[in-house]
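**Student:** Could you have a look at this structure, given as structure tokens, before my questions?
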2 protein chains.
Amino acid sequence: MNQPLSVSQSQNNVNQTIIASTLNSRARDANLTVVPKTTCPDCRLSDLCLARELDAAGLSDVGKFVRNSKRLRKGQHLFRQDDEFHSIYFIRSGFAKSYINNSGGDEVAVSFFFPGEMIGLDGLHDGRHTASIVALEDTHICELPYKALSKVMASSPGVRERFNALLSRQIVQEQAMTMLRGQKSASDQLKAFLLNLSERYARIRLSPISFRLPMTRKDIAGCLNLTIETVSRLFSQFQEQNLVEVSGREITLTDLQRFNS
Amino acid sequence: MNQPLSVSQSQNNVNQTIIASTLNSRARDANLTVVPKTTCPDCRLSDLCLARELDAAGLSDVGKFVRNSKRLRKGQHLFRQDDEFHSIYFIRSGFAKSYINNSGGDEVAVSFFFPGEMIGLDGLHDGRHTASIVALEDTHICELPYKALSKVMASSPGVRERFNALLSRQIVQEQAMTMLRGQKSASDQLKAFLLNLSERYARIRLSPISFRLPMTRKDIAGCLNLTIETVSRLFSQFQEQNLVEVSGREITLTDLQRFNS
DNA sequence: GCGTATCCTTGACTGGGATCAACGGGGCGA
DNA sequence: TCGCCCCGTTGATCCCAGTCAAGGATACGC
């Protein structure tokens, strides 16, 4: 595992909770590398993906439809730019980022994925993924083969509606990222970025005040089109102003009111 | 009309072509303010929206399903941020932009919509639109009420697949915008922006080399998070370098090779 | 436990784009 | 036709963030 022993309380709680709720009793006793074999209704994040609607259609069992077996170690890729599209994915636990390399070779258009968030829809358009996805830490992924999903949607209005809503959610999330990148100063961009993370932690029922950054300063810089140095300096500056407490990747938003303004 | 008499040849051709192909004989003789009453199969852009698939399902007639009657004058809004979602829209002719006002009141997250492009999906997620849409010139819009569309999708796999592909296309288009905003220098950003416009002109079968910018310098600046002055200076600079010919909003990419590198 | 690589921070300096300002031109309404 | 407003251009100056550099902290392999 890549979690340090001194992991923050909040982060630690998450992993334990998610693991506990996604492992059945047999798996829980076994080695942690055993793939969790659970049905979607047992998953704590089932309200964020297609699980409920698939369950209503009687299709959420492992092996029947959803493959919740994918496990990525830190640094491993789920897929790469130009890979063939065949499935969409949901993060069950862990974090991932997407990136596109420009002609110069550096990563532009970096964005991040939290538990419950959908990955891979960029590939539907013309059959190939337009971005690469890499795990930021050990990450569990649920896979839904698109062809099968498409068949289910033919007969299940609930799954269909939910799928469209999720697509829309992704568009809105992209808009939100575009908005925060559109802030005038680097300081405002980073504040908006942290607030965005805060909201997404809240959505998976984690503290929006105190959390651990899943990504490096370099990833943040890439996402905001800034340099590592600027991001680092801003964190120091926020700390001086008592806006946040920063300790490596541990973040506490001490004054959310003032942070918003 | 807001088209100046000195409108570029290419742009002029478009409007004429689209108008000619979308007016039936009765309407063509009447005042131009008469709403075109045509079926989707007659539309030059039918391969870009849902028209073909709706047609296959026997649903593309005016009044039966698609409302192709909306007409926006320059500066008019299609909808505004927080308005209730009930339809998705396609641009039949003209151009529009979306924008979101941040807390400071200025427009951030500006993006643009070309003929054949889909608008409004941001509202599906939670029933309200997250951005405002305004016409950049006189613009015709096709409206598809979402509830009706949803019913059609229940019975027509073709429409369903196409709709998902269009959603994916939008996500990819957003990614492309994020990529060009992620360029390091303002110069590279504007070059990438112009190339993006060029591609989109090509998609509607217009010259990718010589075209008219539908938006102001201010809109471009808003889209790229730059100032008007910087955009203006860059255009002058490109012209000095013989990369483009600029005359107001008329653009000619004289050296596409060198522009790409 | 040690060595190495990556991550992160901080400082000094530079430069690209923002800001402030002035002005010409075109569209449009009175 | 006049006058106003918005659009676009250009110049002078300033400042925020990039660049270059050094060194400490942390993670991870052997």
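Each chain in the structure tokens gets a letter, A, B, ..., in the order shown, and its residues are numbered from 1; ligands are numbered from 1 in order too.
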Do you know which residues are at most 12 Å from Phe238 (chain A) counting only C-alpha atoms (C1' of nucleotides), after dropping those on the same chain fewer than 3 positions away, and could you put them as a count of residues only?

**Tutor:** 23

**Student:** If we count only C-alpha atoms (C1' of nucleotides) and set the cut-off at 12 Å, which residues sit around DG25 (chain C), ignoring sequence neighbours fewer than 5 positions away in its own chain? Please answer as a PyMOL selection string.

**Tutor:** (chain B and resi 248) or (chain D and resi 6-9)

**Student:** Tell me which protein, DNA and RNA residues are within 10 Å of DT26 (chain D), counting only C-alpha atoms (C1' of nucleotides), leaving out same-chain ones fewer than 4 positions away, and put them as a ChimeraX atom specification.

**Tutor:** /A:248 /C:6-8

**Student:** Please provide the set of residues having any atom within 10 Å of Phe163 (chain A), restricted to only C-alpha atoms (C1' of nucleotides), with same-chain residues fewer than 3 positions apart removed, written as JSON, numbers by chain.

**Tutor:** {"A": [49, 50, 53, 149, 153, 157, 158, 159, 160, 166, 167, 168, 169], "B": [164]}

**Student:** For DA21 (chain C), find every residue with an atom within 12 Å (counting only C-alpha atoms (C1' of nucleotides)), except residues of its own chain fewer than 4 positions away, and show them as a PyMOL selection string.

**Tutor:** chain D and resi 10-13
